[in-house]
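Containing PDB, C-alpha atoms and all ligand atoms: data.pdb.
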```
ATOM      1  CA  MET A 158     -21.186  15.408   8.185
ATOM      2  CA  LYS A 159     -20.955  18.706   9.945
ATOM      3  CA  HIS A 160     -18.033  20.163   8.037
ATOM      4  CA  ASP A 161     -18.552  22.470   5.102
ATOM      5  CA  MET A 162     -18.420  20.621   1.773
ATOM      6  CA  SER A 163     -18.127  23.543  -0.598
ATOM      7  CA  ALA A 164     -15.136  25.497  -1.862
ATOM      8  CA  LYS A 165     -13.041  24.203   0.984
ATOM      9  CA  ILE A 166     -13.273  20.671  -0.391
ATOM     10  CA  ARG A 167     -12.170  21.823  -3.862
ATOM     11  CA  ALA A 168      -9.129  23.435  -2.301
ATOM     12  CA  LEU A 169      -8.365  20.242  -0.444
ATOM     13  CA  LYS A 170      -8.678  18.111  -3.571
ATOM     14  CA  ASN A 171      -6.433  20.361  -5.564
ATOM     15  CA  GLY A 172      -3.934  21.368  -2.984
ATOM     16  CA  GLY A 173      -3.345  17.913  -1.563
ATOM     17  CA  ALA A 174      -6.035  17.938   1.093
ATOM     18  CA  ARG A 175      -4.577  20.614   3.333
ATOM     19  CA  ARG A 176      -6.402  23.687   4.457
ATOM     20  CA  ASP A 177      -3.303  25.788   4.845
ATOM     21  CA  PRO A 178      -2.256  26.915   1.354
ATOM     22  CA  ASP A 179       1.350  27.271   2.494
ATOM     23  CA  LEU A 180       3.770  24.423   2.228
ATOM     24  CA  PRO A 181       4.442  22.695   5.515
ATOM     25  CA  GLU A 182       7.372  23.640   7.645
ATOM     26  CA  MET A 183       9.406  20.478   7.558
ATOM     27  CA  PRO A 184      10.831  19.493  10.914
ATOM     28  CA  LYS A 185      14.626  19.387  11.126
ATOM     29  CA  GLY A 186      15.922  15.917  10.254
ATOM     30  CA  HIS A 187      12.344  14.962   9.601
ATOM     31  CA  PHE A 188      11.140  11.437   9.972
ATOM     32  CA  TYR A 189      10.795   9.133   6.949
ATOM     33  CA  PRO A 190       8.729   6.063   7.911
ATOM     34  CA  ASP A 191      10.641   3.416   6.006
ATOM     35  CA  HIS A 192       8.781   0.750   7.953
ATOM     36  CA  TYR A 193       5.601   1.539   5.984
ATOM     37  CA  THR A 194       7.266  -0.188   3.009
ATOM     38  CA  LEU A 195       5.957  -3.537   1.858
ATOM     39  CA  GLY A 196       5.879  -5.793  -1.191
ATOM     40  CA  VAL A 197       2.653  -7.174  -2.633
ATOM     41  CA  ASP A 198       2.012  -9.698  -5.407
ATOM     42  CA  LEU A 199      -1.149  -9.031  -7.395
ATOM     43  CA  SER A 200      -2.254 -11.730  -9.826
ATOM     44  CA  GLU A 201      -2.842  -9.412 -12.803
ATOM     45  CA  VAL A 202      -0.053  -6.917 -12.101
ATOM     46  CA  GLY A 203       2.786  -8.918 -10.605
ATOM     47  CA  HIS A 204       4.984  -7.602  -7.839
ATOM     48  CA  ILE A 205       4.500  -4.062  -6.587
ATOM     49  CA  LYS A 206       6.425  -2.228  -3.934
ATOM     50  CA  VAL A 207       4.450   0.103  -1.698
ATOM     51  CA  ARG A 208       6.495   2.728   0.108
ATOM     52  CA  PRO A 209       6.126   6.202   1.584
ATOM     53  CA  VAL A 210       6.640   9.140  -0.772
ATOM     54  CA  ARG A 211      10.058  10.829  -0.671
ATOM     55  CA  GLU A 212      10.977  14.334  -1.677
ATOM     56  CA  ASP A 213      12.873  13.074  -4.733
ATOM     57  CA  ASP A 214       9.750  11.301  -6.049
ATOM     58  CA  ALA A 215       8.468  14.441  -7.806
ATOM     59  CA  PRO A 216       9.501  13.238 -11.326
ATOM     60  CA  LEU A 217       7.785   9.889 -10.777
ATOM     61  CA  LEU A 218       4.657  11.631  -9.474
ATOM     62  CA  GLU A 219       4.642  13.764 -12.594
ATOM     63  CA  GLU A 220       4.926  10.624 -14.735
ATOM     64  CA  LEU A 221       2.053   9.010 -12.866
ATOM     65  CA  PHE A 222      -0.070  12.107 -13.412
ATOM     66  CA  CYS A 223       0.739  12.002 -17.145
ATOM     67  CA  SER A 224      -0.388   8.362 -17.296
ATOM     68  CA  LEU A 225      -3.918   9.339 -16.196
ATOM     69  CA  THR A 226      -6.638  10.019 -18.737
ATOM     70  CA  PRO A 227      -8.335  13.447 -18.480
ATOM     71  CA  HIS A 228     -11.341  11.605 -17.036
ATOM     72  CA  SER A 229      -9.258  10.055 -14.232
ATOM     73  CA  VAL A 230      -7.635  13.435 -13.568
ATOM     74  CA  TYR A 231     -11.094  14.944 -13.213
ATOM     75  CA  LEU A 232     -12.246  12.182 -10.868
ATOM     76  CA  ARG A 233      -9.198  12.651  -8.661
ATOM     77  CA  PHE A 234      -8.755  16.443  -8.729
ATOM     78  CA  PHE A 235     -12.295  17.591  -9.556
ATOM     79  CA  SER A 236     -10.885  19.684 -12.368
ATOM     80  CA  PHE A 237      -9.279  19.152 -15.760
ATOM     81  CA  LEU A 238      -5.699  19.865 -14.811
ATOM     82  CA  ARG A 239      -3.352  19.425 -17.746
ATOM     83  CA  GLN A 240      -0.310  19.113 -15.542
ATOM     84  CA  LEU A 241       0.553  19.183 -11.882
ATOM     85  CA  PRO A 242       1.497  22.771 -11.058
ATOM     86  CA  PRO A 243       5.020  22.925  -9.525
ATOM     87  CA  ARG A 244       3.671  24.026  -6.165
ATOM     88  CA  MET A 245       1.233  21.128  -6.046
ATOM     89  CA  LEU A 246       3.963  18.724  -7.106
ATOM     90  CA  GLU A 247       6.139  20.001  -4.301
ATOM     91  CA  ARG A 248       3.237  19.709  -1.899
ATOM     92  CA  PHE A 249       2.674  16.094  -2.972
ATOM     93  CA  SER A 250       6.302  15.089  -2.579
ATOM     94  CA  ARG A 251       7.283  16.985   0.601
ATOM     95  CA  ILE A 252       5.467  15.008   3.218
ATOM     96  CA  ASP A 253       5.280  15.764   6.897
ATOM     97  CA  TYR A 254       4.581  12.260   8.164
ATOM     98  CA  ARG A 255       3.510  13.627  11.525
ATOM     99  CA  LYS A 256       0.354  14.924   9.856
ATOM    100  CA  GLU A 257      -0.203  12.759   6.834
ATOM    101  CA  VAL A 258       0.426   9.439   5.177
ATOM    102  CA  ALA A 259       1.435   9.320   1.503
ATOM    103  CA  LEU A 260       2.139   5.986  -0.125
ATOM    104  CA  ILE A 261       3.057   5.099  -3.670
ATOM    105  CA  ALA A 262       2.993   1.824  -5.567
ATOM    106  CA  LEU A 263       6.005   1.067  -7.756
ATOM    107  CA  ARG A 264       6.303  -1.628 -10.406
ATOM    108  CA  LYS A 265       9.295  -2.676 -12.499
ATOM    109  CA  GLU A 266       8.673  -2.185 -16.204
ATOM    110  CA  ASN A 267      11.509  -2.963 -18.615
ATOM    111  CA  GLY A 268      13.963  -2.816 -15.744
ATOM    112  CA  GLN A 269      12.780   0.623 -14.607
ATOM    113  CA  GLU A 270      10.683   1.486 -11.576
ATOM    114  CA  LYS A 271       7.397   3.102 -12.583
ATOM    115  CA  MET A 272       4.985   4.729 -10.192
ATOM    116  CA  VAL A 273       1.604   3.090 -10.757
ATOM    117  CA  GLY A 274      -0.444   4.483  -7.889
ATOM    118  CA  ASP A 275      -0.603   6.968  -5.039
ATOM    119  CA  ALA A 276      -2.780   7.151  -1.920
ATOM    120  CA  ARG A 277      -2.887   9.718   0.847
ATOM    121  CA  VAL A 278      -4.525  10.391   4.147
ATOM    122  CA  VAL A 279      -4.093  13.980   5.304
ATOM    123  CA  GLU A 280      -5.054  15.514   8.622
ATOM    124  CA  THR A 281      -7.635  18.277   8.509
ATOM    125  CA  SER A 282      -8.041  21.073  11.032
ATOM    126  CA  GLU A 283     -10.812  19.081  12.705
ATOM    127  CA  PRO A 284      -9.221  16.974  15.452
ATOM    128  CA  GLY A 285      -9.005  13.261  14.661
ATOM    129  CA  MET A 286     -10.308  13.779  11.142
ATOM    130  CA  ALA A 287      -8.341  13.108   7.938
ATOM    131  CA  GLU A 288      -9.148  13.089   4.232
ATOM    132  CA  PHE A 289      -8.098  10.314   1.859
ATOM    133  CA  SER A 290      -7.351  10.385  -1.845
ATOM    134  CA  VAL A 291      -6.105   7.721  -4.234
ATOM    135  CA  MET A 292      -5.175   7.392  -7.904
ATOM    136  CA  VAL A 293      -3.972   4.528 -10.082
ATOM    137  CA  THR A 294      -2.452   4.718 -13.557
ATOM    138  CA  ASP A 295      -5.208   4.118 -16.105
ATOM    139  CA  PRO A 296      -3.775   1.001 -17.800
ATOM    140  CA  LEU A 297      -3.622  -0.798 -14.433
ATOM    141  CA  GLN A 298      -6.939   0.258 -12.908
ATOM    142  CA  GLY A 299      -9.315  -2.469 -11.736
ATOM    143  CA  LYS A 300      -6.493  -4.862 -10.842
ATOM    144  CA  GLY A 301      -6.280  -4.357  -7.100
ATOM    145  CA  ILE A 302      -3.667  -1.581  -6.779
ATOM    146  CA  GLY A 303      -6.108   1.035  -5.412
ATOM    147  CA  ALA A 304      -7.491  -1.396  -2.839
ATOM    148  CA  CYS A 305      -4.010  -2.390  -1.754
ATOM    149  CA  LEU A 306      -2.781   1.222  -1.368
ATOM    150  CA  LEU A 307      -5.857   2.459   0.432
ATOM    151  CA  THR A 308      -6.008  -0.535   2.764
ATOM    152  CA  HIS A 309      -2.391   0.052   3.806
ATOM    153  CA  CYS A 310      -2.999   3.802   4.218
ATOM    154  CA  LEU A 311      -6.033   3.134   6.411
ATOM    155  CA  ALA A 312      -4.115   0.691   8.602
ATOM    156  CA  ILE A 313      -1.425   3.320   9.177
ATOM    157  CA  ALA A 314      -4.046   6.021   9.748
ATOM    158  CA  ARG A 315      -5.705   3.859  12.368
ATOM    159  CA  HIS A 316      -2.368   3.276  14.046
ATOM    160  CA  LYS A 317      -1.734   7.036  14.047
ATOM    161  CA  GLY A 318      -4.977   7.480  15.949
ATOM    162  CA  TYR A 319      -7.258   9.190  13.420
ATOM    163  CA  ARG A 320     -10.852   8.654  14.452
ATOM    164  CA  ARG A 321     -12.541   9.316  11.146
ATOM    165  CA  ILE A 322     -11.359   9.178   7.543
ATOM    166  CA  TYR A 323     -13.409  10.634   4.743
ATOM    167  CA  GLY A 324     -13.228  11.430   1.054
ATOM    168  CA  ILE A 325     -15.452  13.258  -1.423
ATOM    169  CA  VAL A 326     -16.343  11.302  -4.549
ATOM    170  CA  LEU A 327     -18.101  12.390  -7.722
ATOM    171  CA  PRO A 328     -21.335  10.523  -8.541
ATOM    172  CA  GLU A 329     -19.945   9.119 -11.814
ATOM    173  CA  ASN A 330     -16.954   7.578 -10.049
ATOM    174  CA  LYS A 331     -18.258   4.016  -9.977
ATOM    175  CA  GLN A 332     -14.819   2.507  -9.313
ATOM    176  CA  MET A 333     -14.211   4.632  -6.230
ATOM    177  CA  LEU A 334     -17.711   4.071  -4.913
ATOM    178  CA  ALA A 335     -17.254   0.307  -5.411
ATOM    179  CA  LEU A 336     -13.843   0.387  -3.791
ATOM    180  CA  GLY A 337     -15.226   2.393  -0.860
ATOM    181  CA  ARG A 338     -18.043  -0.104  -0.422
ATOM    182  CA  LYS A 339     -15.573  -2.967  -0.534
ATOM    183  CA  LEU A 340     -13.392  -1.360   2.143
ATOM    184  CA  GLY A 341     -16.357  -0.754   4.426
ATOM    185  CA  PHE A 342     -16.821   3.001   4.005
ATOM    186  CA  GLU A 343     -20.181   4.507   4.785
ATOM    187  CA  ILE A 344     -21.436   6.209   1.628
ATOM    188  CA  LYS A 345     -23.734   9.221   1.871
ATOM    189  CA  ARG A 346     -24.939  11.792  -0.636
ATOM    190  CA  ILE A 347     -23.827  15.257   0.479
ATOM    191  CA  PRO A 348     -26.979  17.306   1.098
ATOM    192  CA  GLY A 349     -27.500  19.868  -1.653
ATOM    193  CA  SER A 350     -24.811  18.335  -3.852
ATOM    194  CA  SER A 351     -24.496  15.471  -6.319
ATOM    195  CA  GLU A 352     -21.272  14.370  -4.639
ATOM    196  CA  TYR A 353     -20.842  11.564  -2.165
ATOM    197  CA  GLU A 354     -18.978  11.482   1.071
ATOM    198  CA  LEU A 355     -17.273   8.204   1.926
ATOM    199  CA  SER A 356     -16.432   7.971   5.576
ATOM    200  CA  LYS A 357     -15.061   5.443   7.968
ATOM    201  CA  ASP A 358     -15.193   5.450  11.713
ATOM    202  CA  MET A 359     -11.775   4.101  12.664
ATOM    203  CA  ASP A 360     -12.659   3.366  16.298
ATOM    204  CA  ARG A 361     -15.558   1.166  15.390
ATOM    205  CA  ASP A 362     -14.329  -0.436  12.207
ATOM    206  CA  GLU A 363     -11.453  -2.858  12.285
ATOM    207  CA  LYS A 364     -11.575  -3.531   8.521
TER
HETATM  208  C1  LIG A 401     -10.713   4.725  -8.007
HETATM  209  C2  LIG A 401      -9.376   4.007  -8.194
HETATM  210  C3  LIG A 401      -8.345   4.627  -7.266
HETATM  211  C4  LIG A 401      -9.571   2.537  -7.811
HETATM  212  O1  LIG A 401      -8.335   1.877  -7.894
HETATM  213  P1  LIG A 401      -8.223   0.526  -8.708
HETATM  214  O2  LIG A 401      -6.862   0.021  -8.591
HETATM  215  O3  LIG A 401      -8.742   0.776 -10.076
HETATM  216  O4  LIG A 401      -9.276  -0.370  -7.929
HETATM  217  P2  LIG A 401      -9.095  -1.883  -7.520
HETATM  218  O5  LIG A 401      -8.662  -2.688  -8.689
HETATM  219  O6  LIG A 401      -8.281  -1.965  -6.301
HETATM  220  O7  LIG A 401     -10.603  -2.259  -7.246
HETATM  221  C5  LIG A 401     -11.128  -2.410  -5.994
HETATM  222  C6  LIG A 401     -12.618  -2.665  -6.151
HETATM  223  O8  LIG A 401     -13.210  -1.565  -6.833
HETATM  224  C7  LIG A 401     -14.180  -2.053  -7.729
HETATM  225  N1  LIG A 401     -13.791  -1.722  -9.091
HETATM  226  C8  LIG A 401     -12.571  -1.457  -9.577
HETATM  227  N2  LIG A 401     -12.638  -1.165 -10.896
HETATM  228  C9  LIG A 401     -13.934  -1.248 -11.226
HETATM  229  C10 LIG A 401     -14.654  -1.022 -12.437
HETATM  230  N3  LIG A 401     -14.019  -0.687 -13.583
HETATM  231  N4  LIG A 401     -15.992  -1.154 -12.423
HETATM  232  C11 LIG A 401     -16.628  -1.500 -11.274
HETATM  233  N5  LIG A 401     -15.980  -1.717 -10.101
HETATM  234  C12 LIG A 401     -14.680  -1.592 -10.091
HETATM  235  C13 LIG A 401     -14.333  -3.491  -7.465
HETATM  236  O9  LIG A 401     -15.238  -3.671  -6.406
HETATM  237  C14 LIG A 401     -12.976  -3.870  -6.968
HETATM  238  O10 LIG A 401     -13.028  -4.982  -6.139
HETATM  239  P3  LIG A 401     -12.897  -6.473  -6.749
HETATM  240  O11 LIG A 401     -11.727  -6.420  -7.697
HETATM  241  O12 LIG A 401     -12.665  -7.302  -5.558
HETATM  242  O13 LIG A 401     -14.186  -6.700  -7.443
HETATM  243  C15 LIG A 401      -8.887   4.091  -9.652
HETATM  244  O14 LIG A 401      -9.858   3.546 -10.500
HETATM  245  C16 LIG A 401      -8.505   5.499 -10.086
HETATM  246  O15 LIG A 401      -7.367   5.912  -9.956
HETATM  247  N6  LIG A 401      -9.478   6.273 -10.617
HETATM  248  C17 LIG A 401      -9.217   7.641 -11.043
HETATM  249  C18 LIG A 401      -8.907   8.575  -9.873
HETATM  250  C19 LIG A 401      -9.987   8.506  -8.824
HETATM  251  O16 LIG A 401     -11.155   8.382  -9.119
HETATM  252  N7  LIG A 401      -9.588   8.598  -7.556
HETATM  253  C20 LIG A 401     -10.506   8.549  -6.438
HETATM  254  C21 LIG A 401     -10.900   9.915  -5.992
HETATM  255  S1  LIG A 401     -10.393  10.131  -4.282
END
```

Take the structure in the file and give it back as structure tokens.
Amino acid sequence: MKHDMSAKIRALKNGGARRDPDLPEMPKGHFYPDHYTLGVDLSEVGHIKVRPVREDDAPLLEELFCSLTPHSVYLRFFSFLRQLPPRMLERFSRIDYRKEVALIALRKENGQEKMVGDARVVETSEPGMAEFSVMVTDPLQGKGIGACLLTHCLAIARHKGYRRIYGIVLPENKQMLALGRKLGFEIKRIPGSSEYELSKDMDRDEK
């Protein structure tokens, strides 16, 4: 890939994959894409609802973050965050759907809706290019939630016209590398780094 994979990528990972450190200007009466919502039945998990993130989801996002082990936090954020800083939490829950897709998976547990996963595709400053990220609560990893979220995110991203989707993955992240392979991402070692870039050409690939 031509783009710089250094400090910029760290900032993206930690700030919600946006180059501009400032929070987005939300358009007046901004659009909430309710039609992205769907229900999925997974054999080992039961029914999950996948829907776009709303501004009032911040407490659930915080709960999801707290359900991750430090290792999962490191794999997702490339740093050992102990909590989601308020600004990051706000950034993750205030979504400008013109420029990004943010989906969560919800599951009923003891009558209460719990957030069990989150996936995003966020536009970068390079035209047609967007970065993905995904995380699933540790107790429910390996049961299909990540694949389901990312597949839905990619379908929406394709519909929005992004040409290429990519994500940076640490070499020890076997689950993400396996998931990327399964979803048809091209996997390349970043020159001069131990990290991998997973990328998908949306024009060519109909997966
Ligand atoms: C990476 C992650 C999002 C994957 O989500 P998930 O719900 O656990 O993955 P899924 O159950 O959908 O698995 C999809 C595929 O990944 C592979 N996979 C999942 N868990 C695996 C494991 N423990 N070992 C090997 N492969 C695994 C399998 O190929 C699986 O396909 P299959 O079930 O058809 O064999 C999740 O493990 C996670 O949140 N990890 C921590 C955060 C992170 O690493 N985020 C990615 C950085 S962008």

### Query
When the cut-off is 6 Å and you count all atoms listed in the file, which residues lie near ligand LIG 401 (chain A), shown as a list in words?
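Protein and nucleic-acid residues within 6 Å of ligand LIG 401 (chain A): Ser229, Leu232, Arg233, Ser290, Val291, Met292, Val293, Gln298, Gly299, Lys300, Gly301, Ile302, Gly303, Ala304, Val326, Asn330, Lys331, Gln332, Met333, Ala335, Leu336 and Lys339 of chain A.
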
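From atom CA of A:Val273 back to atom CA of A:Leu241, the distance works out to 16.2 Å.
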
#### Entry: Separation of atom CA of A:Val230 from atom CA of A:Gly324, in Å and rounded to one decimal
15.8 Å

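With all atoms listed in the file as the atoms that count, the residue of A:Leu355, A:Val210, A:Ile347, A:Met272 with the shortest distance to A:Phe289 is A:Leu355.
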
Edge lengths and centre in Å, axis-aligned, stretch 267-280 of chain A plus 5 Å each side, as lines of an AutoDock Vina configuration file:
```
center_x = 4.5
center_y = 6.3
center_z = -5.0
size_x = 29.0
size_y = 28.5
size_z = 37.2
```

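Relative to atom CA of A:Ile261, atom CA of A:Leu195 is found at 10.7 Å.
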
### Task
Decode the PyMOL selection byres (((chain A and resi 322) around 10) and not hetatm) for the given file into explicit residues and return them as a list in words.
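Selection result, ordered by chain and number: Val278, Val279, Glu280, Thr281, Gly285, Met286, Ala287, Glu288, Phe289, Leu311, Ala314, Arg315, Tyr319, Arg320, Arg321, Tyr323, Gly324, Phe342, Leu355, Ser356, Lys357, Asp358 and Met359 of chain A.
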
### Selection dump of the PyMOL selection byres (((chain A and resi 350) around 12) and not hetatm), as a ChimeraX atom specification
/A:161-163,325-328,345-349,351-354

With C-alpha atoms retained, export the selected residues as a PDB file, in the frame of the given file.
```pdb
ATOM      1  CA  ASP A 161     -18.552  22.470   5.102  1.00  0.00           C
ATOM      2  CA  MET A 162     -18.420  20.621   1.773  1.00  0.00           C
ATOM      3  CA  SER A 163     -18.127  23.543  -0.598  1.00  0.00           C
ATOM      4  CA  ILE A 325     -15.452  13.258  -1.423  1.00  0.00           C
ATOM      5  CA  VAL A 326     -16.343  11.302  -4.549  1.00  0.00           C
ATOM      6  CA  LEU A 327     -18.101  12.390  -7.722  1.00  0.00           C
ATOM      7  CA  PRO A 328     -21.335  10.523  -8.541  1.00  0.00           C
ATOM      8  CA  LYS A 345     -23.734   9.221   1.871  1.00  0.00           C
ATOM      9  CA  ARG A 346     -24.939  11.792  -0.636  1.00  0.00           C
ATOM     10  CA  ILE A 347     -23.827  15.257   0.479  1.00  0.00           C
ATOM     11  CA  PRO A 348     -26.979  17.306   1.098  1.00  0.00           C
ATOM     12  CA  GLY A 349     -27.500  19.868  -1.653  1.00  0.00           C
ATOM     13  CA  SER A 351     -24.496  15.471  -6.319  1.00  0.00           C
ATOM     14  CA  GLU A 352     -21.272  14.370  -4.639  1.00  0.00           C
ATOM     15  CA  TYR A 353     -20.842  11.564  -2.165  1.00  0.00           C
ATOM     16  CA  GLU A 354     -18.978  11.482   1.071  1.00  0.00           C
TER      17      GLU A 354
END
```

### Query
Restricting the calculation to all atoms listed in the file, which member of A:Leu246, A:Ala312, A:Leu306, A:Leu263 is positioned closest to A:Glu212?
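Looking at the shortest contact to A:Glu212, the residue is A:Leu246.
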
### Query
Which residue gives the smallest distance to A:Pro284 among A:Ala262, A:Gln269, A:Arg251, A:Gly318, with only C-alpha atoms counted?
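Nearest candidate to A:Pro284 out of A:Ala262, A:Gln269, A:Arg251, A:Gly318: A:Gly318.
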
#### Entry: Output check: residues returned by the PyMOL selection byres (((chain A and resi 188) around 8) and not hetatm), as number ranges by chain
A: 186-187, 189-190, 253-254

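For the set A:Asp213, A:Tyr231, A:Val207, A:Ser236, the residue with the smallest atom-to-atom gap to A:Leu307 is A:Val207, counting only C-alpha atoms.
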
#### Entry: Spatial neighbours of A:Pro243, 12 Å, all atoms listed in the file, chain gap at least 5 places, as a list in words
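Here the answer would be Gly172, Leu180, Ala215, Pro216, Leu218, Glu219, Arg248, Phe249, Ser250 and Arg251 of chain A.
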
#### Entry: All residues 9 Å or closer to stretch 264-266 of chain A, only C-alpha atoms, same chain fewer than 3 positions away omitted, as a ChimeraX atom specification
/A:202-206,269-273

Export of prior selection with C-alpha atoms as a PDB file, in the frame of the given file:
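What ended up in part-v4.pdb:
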```
ATOM      1  CA  VAL A 202      -0.053  -6.917 -12.101  1.00  0.00           C
ATOM      2  CA  GLY A 203       2.786  -8.918 -10.605  1.00  0.00           C
ATOM      3  CA  HIS A 204       4.984  -7.602  -7.839  1.00  0.00           C
ATOM      4  CA  ILE A 205       4.500  -4.062  -6.587  1.00  0.00           C
ATOM      5  CA  LYS A 206       6.425  -2.228  -3.934  1.00  0.00           C
ATOM      6  CA  GLN A 269      12.780   0.623 -14.607  1.00  0.00           C
ATOM      7  CA  GLU A 270      10.683   1.486 -11.576  1.00  0.00           C
ATOM      8  CA  LYS A 271       7.397   3.102 -12.583  1.00  0.00           C
ATOM      9  CA  MET A 272       4.985   4.729 -10.192  1.00  0.00           C
ATOM     10  CA  VAL A 273       1.604   3.090 -10.757  1.00  0.00           C
TER      11      VAL A 273
END
```

Export stretch 196-214 of chain A of the preceding structure, keeping N, CA and C atoms, as a CSV table (one decimal), in the first residue's frame.
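Below you can see part.csv, which holds the result:
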```csv
chain,number,residue,atom,x,y,z
A,196,GLY,N,-31.7,-8.9,12.1
A,196,GLY,CA,-31.6,-9.9,13.1
A,196,GLY,C,-30.9,-11.2,12.6
A,197,VAL,N,-30.1,-11.8,13.4
A,197,VAL,CA,-29.3,-13.0,12.9
A,197,VAL,C,-29.4,-14.0,14.0
A,198,ASP,N,-29.6,-15.3,13.6
A,198,ASP,CA,-29.5,-16.4,14.6
A,198,ASP,C,-28.2,-17.1,14.4
A,199,LEU,N,-27.4,-17.2,15.5
A,199,LEU,CA,-26.1,-17.9,15.4
A,199,LEU,C,-26.3,-19.1,16.3
A,200,SER,N,-25.8,-20.3,15.8
A,200,SER,CA,-26.1,-21.5,16.5
A,200,SER,C,-25.6,-21.5,18.0
A,201,GLU,N,-24.4,-20.9,18.2
A,201,GLU,CA,-23.8,-21.0,19.6
A,201,GLU,C,-24.2,-19.8,20.4
A,202,VAL,N,-24.8,-18.8,19.8
A,202,VAL,CA,-25.0,-17.5,20.5
A,202,VAL,C,-26.5,-17.2,20.7
A,203,GLY,N,-27.3,-17.8,19.8
A,203,GLY,CA,-28.7,-17.4,19.7
A,203,GLY,C,-29.0,-16.2,18.9
A,204,HIS,N,-30.1,-15.5,19.2
A,204,HIS,CA,-30.5,-14.4,18.4
A,204,HIS,C,-29.6,-13.1,18.7
A,205,ILE,N,-29.1,-12.5,17.7
A,205,ILE,CA,-28.5,-11.2,17.9
A,205,ILE,C,-29.1,-10.1,17.0
A,206,LYS,N,-29.2,-8.9,17.5
A,206,LYS,CA,-29.7,-7.8,16.7
A,206,LYS,C,-28.5,-7.0,16.2
A,207,VAL,N,-28.4,-6.7,15.0
A,207,VAL,CA,-27.3,-5.9,14.5
A,207,VAL,C,-27.9,-4.6,14.1
A,208,ARG,N,-27.4,-3.5,14.6
A,208,ARG,CA,-28.0,-2.2,14.2
A,208,ARG,C,-26.9,-1.1,14.3
A,209,PRO,N,-27.2,0.0,13.6
A,209,PRO,CA,-26.2,1.1,13.6
A,209,PRO,C,-26.1,1.7,15.0
A,210,VAL,N,-24.9,2.2,15.3
A,210,VAL,CA,-24.7,2.9,16.6
A,210,VAL,C,-25.5,4.2,16.7
A,211,ARG,N,-26.0,4.4,17.9
A,211,ARG,CA,-26.7,5.7,18.2
A,211,ARG,C,-25.9,6.4,19.3
A,212,GLU,N,-26.2,7.7,19.3
A,212,GLU,CA,-25.5,8.6,20.3
A,212,GLU,C,-25.7,8.1,21.7
A,213,ASP,N,-26.8,7.5,22.0
A,213,ASP,CA,-27.1,7.1,23.4
A,213,ASP,C,-26.5,5.7,23.7
A,214,ASP,N,-25.7,5.2,22.8
A,214,ASP,CA,-25.1,3.9,23.0
A,214,ASP,C,-23.8,3.9,23.9
```
